[in-house]
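J.: Structure incoming, see below.
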Number of protein chains: 2
Amino acid sequence: MGVADEQGLDTVLGKAVALLRAFGADDRLLPLAELVRRTGLPKGTVHRVAGDLVHHRLLEKTEHGYRLAGGLFELGMRAATERTLLEVAMPFLQDLYERTHETVHLGVRDGTEVVYVAKIGGHRQARSPSRAGGRMPMHCTALGKVLLAHADPAVRSAVLSGPLPRRTPHTIVAPGLLEQQLDRALEAGLAFEREESTPGLLCVAAPVLQPDGATAVAAISVTGPIGRFRPEAHQNAVRAAATALASTLARRPGGL
Amino acid sequence: MGVADEQGLDTVLGKAVALLRAFGADDRLLPLAELVRRTGLPKGTVHRVAGDLVHHRLLEKTEHGYRLAGGLFELGMRAATERTLLEVAMPFLQDLYERTHETVHLGVRDGTEVVYVAKIGGHRQARSPSRAGGRMPMHCTALGKVLLAHADPAVRSAVLSGPLPRRTPHTIVAPGLLEQQLDRALEAGLAFEREESTPGLLCVAAPVLQPDGATAVAAISVTGPIGRFRPEAHQNAVRAAATALASTLARRPGGL
DNA sequence: CCACAGCGTACCGGTCAGTGGAACGCCGGG
DNA sequence: CCCGGCGTTCCACTGACCGGTACGCTGTGG
């Protein structure tokens, strides 16, 4: 890997996007110098482009640095797939939460990762690293595994043949074992996770299938802390929510 | 107003942002020609810039046109203010929903408008035009009125002196009457709305005040359909949620 | 007290990325 | 068949963008 092989840094747009993407999932405020470091762009350039972004309300300038601004939030919430999914799914997620009172996730697959579209939870919610709009690997999360099980074979083998980074002592890093679990998940229409992504967390997930029943457009999960939480106790509720959402989506005109 | 006085259309970034913003709150799929019409940019230019945006995962190209892509959603969910607010507030909104089983909104003020940060509701939710990430005028919504009441005097008078577009027969279009209501809202820490933005909808909202108690950083509301829904019945629940959220926010280190 | 390092800001001439008008091929409909 | 609307491609000109350089500020430690 070269020094500046991230494609597109030589166009204004590329620089702008790079600046925005320089903000990690946990960064709130980044000083100009830090943006310079992360993007590798010249200081003057960052100054100028960041200024332009501020002008367009995508970035906000404070005394101590830049932050992603509200305009970005507004645009993001207009993204077609996520918005539709979110609006249609919300009532079902709501029901599921009310039935379980545990953290509820809605996620989709993007490439070989899971993207969380929604996360709802109450005061007792388990401390989980997930965020709406965030990403996680597929092999170590219930959502990921169930999405992968119901995905195109090409995707499945892409993940299986790629590296399976260990995140906890319980993470499944053996491709064979993972494949076994995927088969079982495909059969059961349900996947489990036991401290595979985060210590102390358990999870059940069910797929939201397309009308043809083949691949999954999304998945729903319930997460809780080890101890009080028993995934099996919620599997029916999760599955019910997922299938209900699926049939509602199927009834939609434009699809998706 | 000239023909192309929207500032910044003569820079790549400006064009790009214009393209993204060309997508209204309800547009899912826009053909190239439509983008050309809305932005006023030359066809070739739109083609190229849109292509670049696709390349950066901000736009998605389909057979029938372009749509805002997932990358935008991910970026949007990282926006500092909205994200923090959303994460901290979620449990309180959840509680409120569970207590009322009506549509719950979380909103902030931006300029002279309300921006909805979250909207949660179940299957029985009233048909409201609001969307997460969407905007509404302040004078005709409970959220807007309570935010305005607890806002800087400059903002208040800016709205009062501006036009107050009529949206329904019940919309308050008289500045004097609105001011009266704002005073009452400031005093009561609570604002009501009765079919002022949308026929058939009623709403109560309470402010999420800053530690100093002066201005509001956000507001929470409960909305329901005329008939079964009585705003007064929920005013205590809404106020409780708002103050609880406020004190939780106050306890946060970085503020905001 | 001053040298220094790190930061944010500002300037500016050269150049190449971006520009947009024009022309093309493809439909579908009259 | 001809026509209007669409998406795509091409290309020579030009001004928007580039990034090195220099400045002023602040805190730090020698």
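A note on labels: chains of the structure tokens are A, B, ... as shown, every chain counts residues from 1, and ligands are counted from 1 in their shown order.
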Contacts of Asp10 in chain B at 9 Å or less, counting only C-alpha atoms (C1' of nucleotides), minus same-chain residues fewer than 4 places along, as a ChimeraX atom specification?
T.: /B:14-15 /D:16
J.: Enumerate as a ChimeraX atom specification all residues of range 35-240 of chain A assigned to helix (DSSP H, G or I) by DSSP on the backbone, naming them with the chain letters and numbers the document uses.
T.: /A:35-39,43-55,70-76,80-100,142-149,153-161,175-188,231-240
J.: Please provide the set of residues having any atom within 10 Å of DC23 in chain D, restricted to only C-alpha atoms (C1' of nucleotides), with same-chain residues fewer than 2 positions apart removed, written as an mmCIF file with N, CA, C and O atoms (P, O5', C5', C4', C3', O3' and C1' of nucleotides), in the first residue's frame.
T.:
data_model
loop_
_atom_site.group_PDB
_atom_site.id
_atom_site.type_symbol
_atom_site.label_atom_id
_atom_site.label_comp_id
_atom_site.auth_asym_id
_atom_site.auth_seq_id
_atom_site.Cartn_x
_atom_site.Cartn_y
_atom_site.Cartn_z
ATOM 1 P P DT C 9 -8.332 29.580 11.681
ATOM 2 O "O5'" DT C 9 -7.433 30.605 10.861
ATOM 3 C "C5'" DT C 9 -6.986 31.804 11.476
ATOM 4 C "C4'" DT C 9 -6.055 32.542 10.556
ATOM 5 C "C3'" DT C 9 -6.636 32.874 9.181
ATOM 6 O "O3'" DT C 9 -6.853 34.280 9.110
ATOM 7 C "C1'" DT C 9 -4.364 32.132 9.053
ATOM 8 P P DA C 10 -7.604 34.883 7.822
ATOM 9 O "O5'" DA C 10 -6.380 35.152 6.827
ATOM 10 C "C5'" DA C 10 -5.364 36.081 7.180
ATOM 11 C "C4'" DA C 10 -4.399 36.189 6.001
ATOM 12 C "C3'" DA C 10 -5.110 36.188 4.658
ATOM 13 O "O3'" DA C 10 -5.219 37.519 4.096
ATOM 14 C "C1'" DA C 10 -3.213 34.672 4.688
ATOM 15 P P DC C 11 -4.738 38.248 3.008
ATOM 16 O "O5'" DC C 11 -3.616 37.590 2.083
ATOM 17 C "C5'" DC C 11 -2.255 37.926 2.364
ATOM 18 C "C4'" DC C 11 -1.330 37.302 1.348
ATOM 19 C "C3'" DC C 11 -1.702 37.524 -0.123
ATOM 20 O "O3'" DC C 11 -0.568 38.057 -0.774
ATOM 21 C "C1'" DC C 11 -1.167 35.262 0.249
ATOM 22 P P DT D 21 8.739 26.059 0.000
ATOM 23 O "O5'" DT D 21 8.109 27.454 0.433
ATOM 24 C "C5'" DT D 21 7.881 28.483 -0.543
ATOM 25 C "C4'" DT D 21 7.383 29.732 0.164
ATOM 26 C "C3'" DT D 21 8.111 30.035 1.468
ATOM 27 O "O3'" DT D 21 8.563 31.379 1.459
ATOM 28 C "C1'" DT D 21 5.775 30.097 1.796
ATOM 29 P P DC D 25 -0.176 39.104 16.741
ATOM 30 O "O5'" DC D 25 -0.617 37.826 17.575
ATOM 31 C "C5'" DC D 25 -1.838 37.158 17.266
ATOM 32 C "C4'" DC D 25 -1.819 35.781 17.863
ATOM 33 C "C3'" DC D 25 -1.428 35.756 19.342
ATOM 34 O "O3'" DC D 25 -2.593 35.485 20.117
ATOM 35 C "C1'" DC D 25 -0.367 33.996 18.083
#
J.: I need the contact residues of chain C against chain B, so if you could list those with any atom within 8 Å, counting only C-alpha atoms (C1' of nucleotides), and return them as a PyMOL selection string, that would help.
T.: chain C and resi 18-20
J.: Pull the strand (DSSP E or B) assignments for range 45-241 of chain B out of DSSP run on the backbone, and list those residues as a PyMOL selection string.
T.: chain B and resi 59-62+65-68+103-110+113-120+135-137+191-194+201-209+216-225
J.: Using only C-alpha atoms, select each residue of chain B with any atom at most 7 Å away from an atom of chain A, and give the selection as a PyMOL selection string.
T.: chain B and resi 12-13+25+28+67-70+72-80+90-91+94+120-123+132-134
J.: Any idea which chain D residues end up within 10 Å of chain B if we count only C-alpha atoms (C1' of nucleotides), as a short mmCIF file (atom, residue, chain, number, x, y, z; two decimals) with C-alpha atoms (C1' of nucleotides), in the first residue's frame please?
T.:
data_model
loop_
_atom_site.label_atom_id
_atom_site.label_comp_id
_atom_site.auth_asym_id
_atom_site.auth_seq_id
_atom_site.Cartn_x
_atom_site.Cartn_y
_atom_site.Cartn_z
"C1'" DG D 5 -36.52 13.96 -24.50
"C1'" DC D 6 -33.16 11.42 -22.43
"C1'" DG D 7 -28.38 9.76 -21.12
"C1'" DT D 8 -23.80 9.70 -22.80
"C1'" DT D 9 -19.39 11.23 -24.88
"C1'" DA D 16 -10.62 27.57 -9.92
"C1'" DC D 17 -7.74 25.18 -7.37
#
